[in-house]
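Following: one structure in structure tokens, then a few remarks.
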Amino acid sequence: MIKAILIFNNHGKPRLSKFYEHYSEDTEQQIIRETFHLVSKRDENVCNFLEGGMLIGGSENKLIYRHYATLYFVFCVDSSESELGILDLIQVFVETLDKCFENVCELDLIFHVDKVHNILAEMVMGGMVLETNMNEIITQVDAQNKMEKSEFFPFFSLYRHLSFSLPGRTGRHSPQEFGWYCRCTCSCCICRKEHEPSRNAQKHQHRRHQHKSAKLTLLQIAA
Amino acid sequence: MALKIVKGSIDRMFDKNLQDLVRGIRNHKEDEAKYISTCIDEIKQELKQDNIAVKANAVCKLTYLQMLGYDVSWAAFNIVEVMSSSKFTYKRIGYLAASQCFHESTDVIMLTTNQIRKDLSSPNQYDTGVALTGLSCFVTPDLARDLANDIMTLMSHTKPYIRKKAVLIMYKVFLKYPESLRPAFPRLKEKLEDPDPGVQSAAVNVICELARRNPKNYLSLAPLFFKLMTSSTNNWVLIKIIKLFGALTPLEPRLGKKLIEPLTNLIHSTSAMSLLYECVNTVIAVLISLSSGMPNHSASIQLCVQKLRILIEDSDQNLKYLGLLAMSKILKTHPKSVQSHKDLILQCLDDKDESIRLRALDLLYGMVSKKNLMEIVKKLMLHVDKAEGTTYRDELLTKIIDICSQSNYQYITNFEWYISILVELTRLEGTRHGHLIASQMLDVAIRVKAIRAFAVAQMATLLDNAHLLTGNTQRNGICEVLYAAAWICGEFSEHLEEPMATLEAMLRPKVATLPGHIQAVYVQNAAKLFATVLRGQEGVPADSTVAQETSQLLIDRLPLFVQSSNLEVQERASCILQLVKYIQKLQQKDVEVAEEVTALFAGELNPVAPKAQKKVPVPEGLDLDVWINEPPSGSESEDEGRKSKGKAVFAKEESRHTKPRYTEVDEKELAKRREVRKAEQANNPFYIKASPSSQKVYQDGVGVEHIPVVQIDLSVPLKVPGMPMSDQYVKLEEERRERNKADKKKKKDKKKREKGEKGRRRRGDSGPESEEDITPAHMVDIVTEEMPENALPSDDDDKDPNDPHKALNIDLDKPLADSEKKLPVRSHRPDEVLKSPMEDRQVVEVVPEPKKKTGKEKKDRKKSKEKKKKHKQEEEGDLMGAGSEEPVQPEETKEVAAPPPASTPEASDLDFWLSNAPVPSNPQAAAAPASTPRTASGMAAVAPDSEPEEAKDTEPEETKSSTHKKKKQKKEKEKKKKKHHHNHSDGAGDESVQNGTVEEEEPLPPMSNYALLAENSYIKMMKQDADKVCDIQGNLQDGSQVVVSVIFENKCDSFIKSMEFNVLDSLNSKLQRPDGAGPHDGLIVPFQLPPGISNEARFIFSVQNIVMPQKLKGTLTFIVKTDDSSTHEKLDFKLHFTCTSYLITTPCYSDAYSKLLESGDLKGCSLKLEGVNQPFHHLLARICFHHHFSVVERIDSCASMYSRSIQGHHMCLLVKTADQTVSIDAKCDEPGLLGNVLDEIKLTFSQC
């Protein structure tokens, strides 16, 4: 069972928290803080497992995390989950986010927590892994988004059917929208340094890929 | 572009959306809290609006704020509102919010039941999906019970997307509502072979979770999983299955044997590290379960260790970590194969990654031997010095102690070395583990007699340098060791060289800064020391003044402790002070007091086993639950406190470290007790005395010649504080061993004789080969821990009674009893009623208790019957299996077709499958531990009389007892019923067809069972078609009962209370009232309704004649309470009992159905409906739903359906459809009832 899924950035700001057992809001915040402290002081090239013990449910649980550029993805799991399997799952999650948001960066997670939740819900349900196949996840997420749009613009759904039934998924999340956030209100650390959105995106992408290439080996081996 | 504009305008309609909120928070870095509080105010305003879009937007923002740590539970009701929106967009927002902040104690959750049920049956798969996802996060026992059946139906949904979610959520339902496990399990098992890989994976997931907690119930699934394992290509599923096997093998060694080959193949072939790792893990589990150590498995161990070495050597830290983790599992059973990789593991101790170092430490635990213990600990001590973080250092400290103390100090050859290690550890600053070191010191000093002199000397040094330990702060945990030091010096004071100096050290004013419990020990042991000192001084006649000076010292110093704020210290100090004053008086009269004072502390304290207290058997005739005195009435809480206290006395774990507490008792009392105990021990033949000698003569007998005491005393400067000495011991030890070796060569034969004696001490030595050669430096006498006589050896004490999984320990192989086949769907919240604050007498009586009981009885009876059958079949199956060892494919196909009878041979199937395991090496061994059931039933074949008894012993206990009781009494009744059963006993499997919802993709329109009963401006009553009927078979003759669920909904703004439900009984139908109530009294509805809330109540009616529909008039009276006034109101209604409501959905198999039709008992009747333009499956679903029929068989546009009345009338329908015309042919053994039902069916279709 997965007990909790946390995403926070390099400064410990929560970007998503999903607890599969109930805790009070204060405890949740404390768990996030402590997890951040545990995870953030670890070097880049140490193992991705931590026996944080005390936080959620005692010593049977492990923290399994991955660090991508500015974000930590932490899964708290018990002994019934395979450690390497969870690492792969995090990878699938991130790649799914990447596909759904197109070059996902922290900003996407900041402004669209609900969407991230929806994507996560197609992968993990009530602490158990629902689906590991990325294409299947994306299909379901897309279908639901489409449905959501059609509720507001019934005529548009027709139009969309025509224009977006092309192979490949395009234009669901236009790049302008993404840039617009950056120009106007971005005060997050990555973007403050590098103001130009497109370059930032590229750099971000580049950096992420560096990370990925290191971690991806695992995925490739596993696959 | 057009879209953008439209969307933008809609966005602006809302005050502020999630993105705006996030942006706002980011722009208000300095006054975030303030900004958010204004936002929350805005949200509150938005929630008050009627527009659902605005509400949804507000809830969406709240979800975000919840993540930031703001409590949003106040908006729970609004979340429910948004959840119930018909638009998917809003619904999704609502469910997300609910999943983030609802939990079991959220009270509005009970309002969601019907909404969720509606969403679950929604035609839109994503509505269902979103509801399932949300439910998985906040399911409560009530929701689980109410929705279990709906979810079970969804498990056979046409869409794999829904199926997989429904399968997955079943796990949560089981956890909350364990009763659902047995009825749902057959279907869950089916899903293991679902064509969709996602559904399959979900089913594997759920079963793995279940099996992990209660593995033995899932052994019978092993063949199925084995098949999956060899056929599946999905790594995720494979990993899960392999992990599951890891949990199953300890229970069934034969399974392990069968697994080894495919697993090793996988290990060789797979390139996926995750899979490889899990395979290795499971192979290890198998090897552990086969710990007999069969020779041909050493290859597998080698393979595992070799693969793990590759992992550990990998540059990827993750693999290294996991390699070490798995290695530690091998260590437990095959330490030798791991020990050869010691180099690698020691290397990992230097890794920069803490997790890896910790894992390596774990492994070290198993790597030590007598030979290398000192070396390894020395290395660890170096790490202790270097370690920066306190957590890691503490971990090291505990590990050192663990390693040294493991299995009764098995590997320690020189306890002086160990004591000096402990003393060195006390120099660690800021460790939390002071008490751990202290308890080790105590333990060693008490249990190893030979070491006491040395230990006492070391402790005296510690006491003398106490300021070093307490120097920094009070909260420094290390000062705990002073507790041990003081106690050891006091208790074994006869070993002290300079007791006077130590006594002086113990009474320094600085001591008063120590924690209270340590001071108390100081004071107490100062008294012991005083006794020793007196004795020493009185031996010399001239020294009476010195003795008096000693007394004076105590009299001077003790008042400091008398003033202590700690009661314990104060009490002891004043006690001892008085004693010393008295002694001084005697001394002044030149009376010899030393003997008497020492007598106060005479006698030896032996260690008590940690569980000893618990194991004291309760004497016969003593009932601990009975009151000693009758409890005083009226003060319940007090009684409870006393009760729990009484319990604690007997359940409390008394650890040996608490032993020094004995000294808390005042000395005289203690002395008395000692006398008593001594006498007892002397008389008790079972009392094991460690040595016959008293405390004073501590080293004698065998050991003396082996103790090179003199050498050590010369070489070790005991008196130098602050200097590590353990290293010297290492050198010394080496020298000693060299010498010993040389000695040994000389007198080899002499040794042989002594070995016999030493064997006593060396229990279970299993170190490396040369271990035997190392003789310990001291002939240590490890005193065994005392246990009470008659103590029962049992280890059942470490199970957590609160574990939710305990409830799921349900035997799943037993065939389902009839009453279990369907979930008790709408047996509405009897326990919730009890929980509600309004609880009172009436409520309890409304719950149909007597009926429940009969239901249970029934179940029991059935079980007994079926069990008997099962044994017979098992026996047969086994005989067959034994007779022909031909590898026939197990009868799995049969299993799926007819679950109940097939699940009986299942157990033997498993045996059969397992006995085919390819273990040619030792077939006998394979068969011998094989199966108790098999041998048992084999014997039964010879002696049929003993059969049931024999075989039953292997069954779980609970059923056993119940069977025994009921069996004899009910035999005749059973026979009668048997006939009845046959008709429908095997209908469990195909509920998928039953409700007709499965086949077509086209979704069904939502249907509701609830009809409006009556309504006024205050309250609305909805009646559910009288549905659930209880206990048909039991009282066929004397009328049956119908339960009516009524939903009360408060429509006004005021509080509604004191609702009273009354019905004017007719001759035929009567409302069941509690005993003693008159025929015209109303029933009090067991709840109150706050504004806008609805709740449901059940009422039971007894019905005599079910042939005719009935109408009953009734009234509901209630009080509407507003702020300033309350008014009595009443509402009239009519309860309509249709004939349909006397029918119950009963599954029926086609063969039973055709027999029924052939029997000719049934009268026919038919009906034609024109102009029905619904799809056929809608039509069937409608009949099923509204008229409680089940589909028996469906062929194209023709279907046969079955139902049964509460009085046991069979009713069969044949429904045909041809262009808009539906013809229904019906047969029933009660024509009046049939006619009425048909009329009602007609009515249903004319309405839509």
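In the structure tokens, chains take the letters A, B, ... in the order shown, each chain's residues start at 1, and ligands count up from 1 in the order shown.
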Please provide the set of residues having any atom within 8 Å of Ala144 of chain B, restricted to only C-alpha atoms, with same-chain residues fewer than 2 positions apart removed, written as a list in words. Val139, Thr140, Pro141, Asp142, Asp146, Leu147, Ala148, Val173, Phe174, Lys176 and Tyr177 of chain B
Please produce an output containing all heavy atoms for each residue in the selection, written as a short mmCIF file (atom, residue, chain, number, x, y, z; two decimals), in the first residue's frame.
data_model
loop_
_atom_site.label_atom_id
_atom_site.label_comp_id
_atom_site.auth_asym_id
_atom_site.auth_seq_id
_atom_site.Cartn_x
_atom_site.Cartn_y
_atom_site.Cartn_z
N VAL B 139 -14.06 6.02 2.54
CA VAL B 139 -15.07 5.01 2.86
C VAL B 139 -15.09 4.74 4.37
O VAL B 139 -14.06 4.67 5.01
CB VAL B 139 -14.82 3.72 2.06
CG1 VAL B 139 -13.48 3.12 2.37
CG2 VAL B 139 -15.92 2.72 2.32
N THR B 140 -16.29 4.69 4.89
CA THR B 140 -16.48 4.41 6.31
C THR B 140 -17.17 3.05 6.44
O THR B 140 -17.69 2.54 5.45
CB THR B 140 -17.38 5.46 6.96
OG1 THR B 140 -18.67 5.37 6.34
CG2 THR B 140 -16.84 6.86 6.78
N PRO B 141 -17.22 2.49 7.63
CA PRO B 141 -17.92 1.21 7.77
C PRO B 141 -19.37 1.28 7.28
O PRO B 141 -19.85 0.35 6.64
CB PRO B 141 -17.86 0.96 9.28
CG PRO B 141 -16.63 1.64 9.72
CD PRO B 141 -16.52 2.86 8.86
N ASP B 142 -20.02 2.42 7.55
CA ASP B 142 -21.41 2.54 7.11
C ASP B 142 -21.51 2.55 5.59
O ASP B 142 -22.33 1.85 5.00
CB ASP B 142 -22.02 3.84 7.66
CG ASP B 142 -22.38 3.68 9.12
OD1 ASP B 142 -22.52 2.51 9.54
OD2 ASP B 142 -22.48 4.69 9.81
N ASP B 146 -23.35 -0.15 3.19
CA ASP B 146 -24.48 0.22 2.34
C ASP B 146 -24.18 0.07 0.86
O ASP B 146 -25.08 -0.13 0.06
CB ASP B 146 -24.90 1.66 2.64
CG ASP B 146 -25.45 1.79 4.05
OD1 ASP B 146 -25.71 0.73 4.65
OD2 ASP B 146 -25.60 2.92 4.53
N LEU B 147 -22.92 0.23 0.50
CA LEU B 147 -22.60 0.27 -0.93
C LEU B 147 -21.94 -1.01 -1.43
O LEU B 147 -21.68 -1.15 -2.62
CB LEU B 147 -21.69 1.46 -1.22
CG LEU B 147 -22.33 2.83 -0.95
CD1 LEU B 147 -21.31 3.93 -1.11
CD2 LEU B 147 -23.50 3.07 -1.88
N ALA B 148 -21.66 -1.94 -0.51
CA ALA B 148 -20.90 -3.13 -0.91
C ALA B 148 -21.55 -3.82 -2.11
O ALA B 148 -20.87 -4.20 -3.06
CB ALA B 148 -20.79 -4.09 0.26
N VAL B 173 -13.34 -1.76 1.07
CA VAL B 173 -14.63 -2.19 1.61
C VAL B 173 -14.43 -3.34 2.58
O VAL B 173 -15.01 -3.36 3.67
CB VAL B 173 -15.58 -2.59 0.46
CG1 VAL B 173 -16.86 -3.20 1.00
CG2 VAL B 173 -15.90 -1.39 -0.41
N PHE B 174 -13.57 -4.28 2.21
CA PHE B 174 -13.31 -5.41 3.11
C PHE B 174 -12.77 -4.93 4.44
O PHE B 174 -13.15 -5.42 5.50
CB PHE B 174 -12.27 -6.37 2.49
CG PHE B 174 -12.73 -7.03 1.24
CD1 PHE B 174 -11.82 -7.41 0.27
CD2 PHE B 174 -14.07 -7.29 1.02
CE1 PHE B 174 -12.23 -8.03 -0.89
CE2 PHE B 174 -14.49 -7.91 -0.14
CZ PHE B 174 -13.56 -8.28 -1.10
N LYS B 176 -13.26 -2.16 5.93
CA LYS B 176 -14.25 -1.48 6.75
C LYS B 176 -15.42 -2.37 7.09
O LYS B 176 -16.13 -2.13 8.05
CB LYS B 176 -14.77 -0.24 6.03
CG LYS B 176 -13.71 0.77 5.68
CD LYS B 176 -13.22 1.50 6.91
CE LYS B 176 -12.10 2.44 6.51
NZ LYS B 176 -11.43 3.03 7.64
N TYR B 177 -15.66 -3.36 6.25
CA TYR B 177 -16.85 -4.18 6.43
C TYR B 177 -16.48 -5.62 6.13
O TYR B 177 -16.77 -6.15 5.04
CB TYR B 177 -17.93 -3.66 5.47
CG TYR B 177 -19.25 -4.39 5.53
CD1 TYR B 177 -19.86 -4.67 6.74
CD2 TYR B 177 -19.88 -4.80 4.37
CE1 TYR B 177 -21.06 -5.35 6.78
CE2 TYR B 177 -21.09 -5.46 4.39
CZ TYR B 177 -21.68 -5.74 5.60
OH TYR B 177 -22.87 -6.41 5.64
#
Interface, chain A side, toward chain B (6 Å; only C-alpha atoms) as an NGL selection string: :A and (25 or 29 or 46-47 or 84 or 111 or 125-126 or 148 or 221-222)
What does the file look like for those residues with N, CA, C and O atoms, as a compact mmCIF listing (two decimals), in the first residue's frame?
# COMPACT_ATOMS: atom_id res chain seq x y z
N GLU A 25 -4.85 18.38 9.59
CA GLU A 25 -4.09 19.28 8.73
C GLU A 25 -2.73 19.60 9.33
O GLU A 25 -1.72 19.65 8.62
N GLN A 29 0.95 18.81 7.69
CA GLN A 29 2.00 19.80 7.44
C GLN A 29 3.30 19.37 8.10
O GLN A 29 4.37 19.51 7.53
N VAL A 46 22.95 9.47 -3.60
CA VAL A 46 22.76 8.43 -2.60
C VAL A 46 21.49 7.68 -2.94
O VAL A 46 20.78 8.07 -3.87
N CYS A 47 21.21 6.63 -2.20
CA CYS A 47 20.07 5.82 -2.60
C CYS A 47 18.76 6.56 -2.33
O CYS A 47 18.70 7.48 -1.53
N LEU A 84 11.86 -0.88 -6.15
CA LEU A 84 12.21 -0.46 -7.51
C LEU A 84 10.96 -0.21 -8.33
O LEU A 84 10.92 0.67 -9.19
N PHE A 111 -0.01 25.85 -10.46
CA PHE A 111 -1.30 26.43 -10.86
C PHE A 111 -2.38 25.41 -11.16
O PHE A 111 -3.53 25.76 -11.28
N MET A 125 -5.13 4.58 -6.64
CA MET A 125 -6.45 4.77 -6.06
C MET A 125 -6.47 4.21 -4.64
O MET A 125 -6.15 3.05 -4.43
N GLY A 126 -6.80 5.07 -3.72
CA GLY A 126 -6.89 4.63 -2.33
C GLY A 126 -5.64 3.93 -1.83
O GLY A 126 -5.73 3.03 -1.03
N GLU A 148 -15.27 17.33 -19.77
CA GLU A 148 -15.42 18.54 -18.99
C GLU A 148 -15.67 19.72 -19.93
O GLU A 148 -16.57 20.52 -19.72
N ILE A 221 16.24 -0.59 -17.65
CA ILE A 221 16.58 -1.94 -17.21
C ILE A 221 15.31 -2.68 -16.84
O ILE A 221 15.09 -3.81 -17.23
N ALA A 222 14.49 -1.95 -16.09
CA ALA A 222 13.27 -2.58 -15.61
C ALA A 222 12.35 -2.96 -16.76
O ALA A 222 11.72 -4.00 -16.73
Quote the spacing between atom CA of Pro178 of chain B and atom CA of Tyr20 of chain A in Å to one decimal place.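 If I compute the distance from atom CA of Pro178 of chain B to atom CA of Tyr20 of chain A, I get 19.4 Å.
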From the set A:Leu6, A:Lys146, A:Thr132, A:Arg33, which residue has the shortest atom-to-atom contact distance to Ile64 of chain A, counting only C-alpha atoms?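 Looking only at the distances to Ile64 of chain A, the closest residue turns out to be A:Leu6.
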In segment 53-126 of chain A, what's helix (DSSP H, G or I) per DSSP? Answer as a ChimeraX atom specification? /A:83-101,106-111,113-123
Kindly export the residues of the current selection with C-alpha atoms, as a PDB file, in the first residue's frame.
ATOM      1  CA  GLU A  83      10.995  -0.472  -3.958  1.00  0.00           C
ATOM      2  CA  LEU A  84      12.214  -0.460  -7.509  1.00  0.00           C
ATOM      3  CA  GLY A  85       8.662  -0.776  -8.729  1.00  0.00           C
ATOM      4  CA  ILE A  86       7.740   2.427  -6.943  1.00  0.00           C
ATOM      5  CA  LEU A  87      10.721   4.215  -8.417  1.00  0.00           C
ATOM      6  CA  ASP A  88       9.476   3.196 -11.836  1.00  0.00           C
ATOM      7  CA  LEU A  89       6.017   4.355 -10.901  1.00  0.00           C
ATOM      8  CA  ILE A  90       7.322   7.791  -9.982  1.00  0.00           C
ATOM      9  CA  GLN A  91       9.005   7.892 -13.335  1.00  0.00           C
ATOM     10  CA  VAL A  92       5.753   6.991 -15.060  1.00  0.00           C
ATOM     11  CA  PHE A  93       3.974   9.664 -13.081  1.00  0.00           C
ATOM     12  CA  VAL A  94       6.444  12.326 -14.052  1.00  0.00           C
ATOM     13  CA  GLU A  95       6.457  11.320 -17.672  1.00  0.00           C
ATOM     14  CA  THR A  96       2.685  11.335 -17.692  1.00  0.00           C
ATOM     15  CA  LEU A  97       2.700  14.822 -16.242  1.00  0.00           C
ATOM     16  CA  ASP A  98       5.192  15.774 -18.890  1.00  0.00           C
ATOM     17  CA  LYS A  99       2.910  14.521 -21.614  1.00  0.00           C
ATOM     18  CA  CYS A 100      -0.212  16.075 -20.151  1.00  0.00           C
ATOM     19  CA  PHE A 101       1.321  19.464 -19.495  1.00  0.00           C
ATOM     20  CA  GLU A 106       7.000  23.418 -11.372  1.00  0.00           C
ATOM     21  CA  LEU A 107       4.641  26.181 -12.476  1.00  0.00           C
ATOM     22  CA  ASP A 108       2.254  23.706 -13.991  1.00  0.00           C
ATOM     23  CA  LEU A 109       2.020  21.934 -10.704  1.00  0.00           C
ATOM     24  CA  ILE A 110       1.619  25.176  -8.829  1.00  0.00           C
ATOM     25  CA  PHE A 111      -1.295  26.435 -10.856  1.00  0.00           C
ATOM     26  CA  VAL A 113      -2.929  21.086  -8.580  1.00  0.00           C
ATOM     27  CA  ASP A 114      -6.396  19.851  -9.390  1.00  0.00           C
ATOM     28  CA  LYS A 115      -5.258  18.514 -12.729  1.00  0.00           C
ATOM     29  CA  VAL A 116      -2.290  16.823 -11.140  1.00  0.00           C
ATOM     30  CA  HIS A 117      -4.660  15.233  -8.688  1.00  0.00           C
ATOM     31  CA  ASN A 118      -6.828  14.015 -11.510  1.00  0.00           C
ATOM     32  CA  ILE A 119      -3.869  12.462 -13.257  1.00  0.00           C
ATOM     33  CA  LEU A 120      -2.712  10.856 -10.051  1.00  0.00           C
ATOM     34  CA  ALA A 121      -6.175   9.465  -9.453  1.00  0.00           C
ATOM     35  CA  GLU A 122      -5.856   7.480 -12.661  1.00  0.00           C
ATOM     36  CA  MET A 123      -2.627   5.936 -11.422  1.00  0.00           C
TER      37      MET A 123
END
Could you give me, as a ChimeraX atom specification, the residues within 10 Å of Leu496 of chain B, counting only C-alpha atoms and dropping anything in the same chain fewer than 3 positions from it? /B:452-460,489-490,492-493,499-502,529,532-533
Please save N, CA and C atoms of the selected residues as a PDB file, in the first residue's frame.
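Output file out-v4.pdb follows:
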ATOM      1  N   ARG B 452      31.855  -9.535  38.578  1.00  0.00           N
ATOM      2  CA  ARG B 452      31.370  -8.511  39.501  1.00  0.00           C
ATOM      3  C   ARG B 452      32.494  -7.673  40.098  1.00  0.00           C
ATOM      4  N   ALA B 453      33.577  -8.333  40.473  1.00  0.00           N
ATOM      5  CA  ALA B 453      34.656  -7.569  41.099  1.00  0.00           C
ATOM      6  C   ALA B 453      35.141  -6.486  40.147  1.00  0.00           C
ATOM      7  N   PHE B 454      35.340  -6.890  38.912  1.00  0.00           N
ATOM      8  CA  PHE B 454      35.825  -5.929  37.928  1.00  0.00           C
ATOM      9  C   PHE B 454      34.789  -4.833  37.686  1.00  0.00           C
ATOM     10  N   ALA B 455      33.558  -5.283  37.542  1.00  0.00           N
ATOM     11  CA  ALA B 455      32.497  -4.318  37.263  1.00  0.00           C
ATOM     12  C   ALA B 455      32.387  -3.305  38.386  1.00  0.00           C
ATOM     13  N   VAL B 456      32.454  -3.796  39.607  1.00  0.00           N
ATOM     14  CA  VAL B 456      32.316  -2.898  40.744  1.00  0.00           C
ATOM     15  C   VAL B 456      33.440  -1.865  40.733  1.00  0.00           C
ATOM     16  N   ALA B 457      34.657  -2.333  40.418  1.00  0.00           N
ATOM     17  CA  ALA B 457      35.782  -1.402  40.378  1.00  0.00           C
ATOM     18  C   ALA B 457      35.542  -0.316  39.329  1.00  0.00           C
ATOM     19  N   GLN B 458      35.060  -0.731  38.164  1.00  0.00           N
ATOM     20  CA  GLN B 458      34.804   0.237  37.095  1.00  0.00           C
ATOM     21  C   GLN B 458      33.700   1.218  37.486  1.00  0.00           C
ATOM     22  N   MET B 459      32.683   0.671  38.103  1.00  0.00           N
ATOM     23  CA  MET B 459      31.553   1.520  38.474  1.00  0.00           C
ATOM     24  C   MET B 459      31.963   2.538  39.537  1.00  0.00           C
ATOM     25  N   ALA B 460      32.842   2.069  40.440  1.00  0.00           N
ATOM     26  CA  ALA B 460      33.312   2.986  41.464  1.00  0.00           C
ATOM     27  C   ALA B 460      34.044   4.152  40.807  1.00  0.00           C
ATOM     28  N   CYS B 489      27.542  -0.801  42.699  1.00  0.00           N
ATOM     29  CA  CYS B 489      28.468  -0.578  43.811  1.00  0.00           C
ATOM     30  C   CYS B 489      27.820  -0.932  45.138  1.00  0.00           C
ATOM     31  N   GLY B 490      26.559  -0.641  45.280  1.00  0.00           N
ATOM     32  CA  GLY B 490      25.876  -0.923  46.528  1.00  0.00           C
ATOM     33  C   GLY B 490      25.629  -2.406  46.708  1.00  0.00           C
ATOM     34  N   PHE B 492      26.879  -5.049  45.201  1.00  0.00           N
ATOM     35  CA  PHE B 492      28.042  -5.932  45.282  1.00  0.00           C
ATOM     36  C   PHE B 492      29.189  -5.239  46.020  1.00  0.00           C
ATOM     37  N   SER B 493      28.847  -4.535  47.072  1.00  0.00           N
ATOM     38  CA  SER B 493      29.826  -3.683  47.729  1.00  0.00           C
ATOM     39  C   SER B 493      30.975  -4.478  48.350  1.00  0.00           C
ATOM     40  N   PRO B 499      35.550   0.950  49.905  1.00  0.00           N
ATOM     41  CA  PRO B 499      34.130   1.293  50.012  1.00  0.00           C
ATOM     42  C   PRO B 499      33.923   2.684  50.597  1.00  0.00           C
ATOM     43  N   MET B 500      34.796   3.055  51.445  1.00  0.00           N
ATOM     44  CA  MET B 500      34.662   4.352  52.098  1.00  0.00           C
ATOM     45  C   MET B 500      34.711   5.482  51.073  1.00  0.00           C
ATOM     46  N   ALA B 501      35.671   5.378  50.160  1.00  0.00           N
ATOM     47  CA  ALA B 501      35.820   6.423  49.146  1.00  0.00           C
ATOM     48  C   ALA B 501      34.566   6.496  48.272  1.00  0.00           C
ATOM     49  N   THR B 502      34.064   5.325  47.922  1.00  0.00           N
ATOM     50  CA  THR B 502      32.872   5.297  47.070  1.00  0.00           C
ATOM     51  C   THR B 502      31.678   5.878  47.812  1.00  0.00           C
ATOM     52  N   LEU B 529      26.230   0.373  51.203  1.00  0.00           N
ATOM     53  CA  LEU B 529      27.671   0.581  51.331  1.00  0.00           C
ATOM     54  C   LEU B 529      28.042   0.775  52.797  1.00  0.00           C
ATOM     55  N   THR B 532      28.455  -2.357  54.533  1.00  0.00           N
ATOM     56  CA  THR B 532      29.724  -3.008  54.224  1.00  0.00           C
ATOM     57  C   THR B 532      30.879  -2.347  54.983  1.00  0.00           C
ATOM     58  N   VAL B 533      30.848  -1.024  54.930  1.00  0.00           N
ATOM     59  CA  VAL B 533      31.922  -0.290  55.579  1.00  0.00           C
ATOM     60  C   VAL B 533      31.958  -0.646  57.055  1.00  0.00           C
TER      61      VAL B 533
END
Coordinates-based distance that separates atom CA of Ile1100 of chain B from atom CA of Leu1071 of chain B (Å, one decimal): 6.1 Å
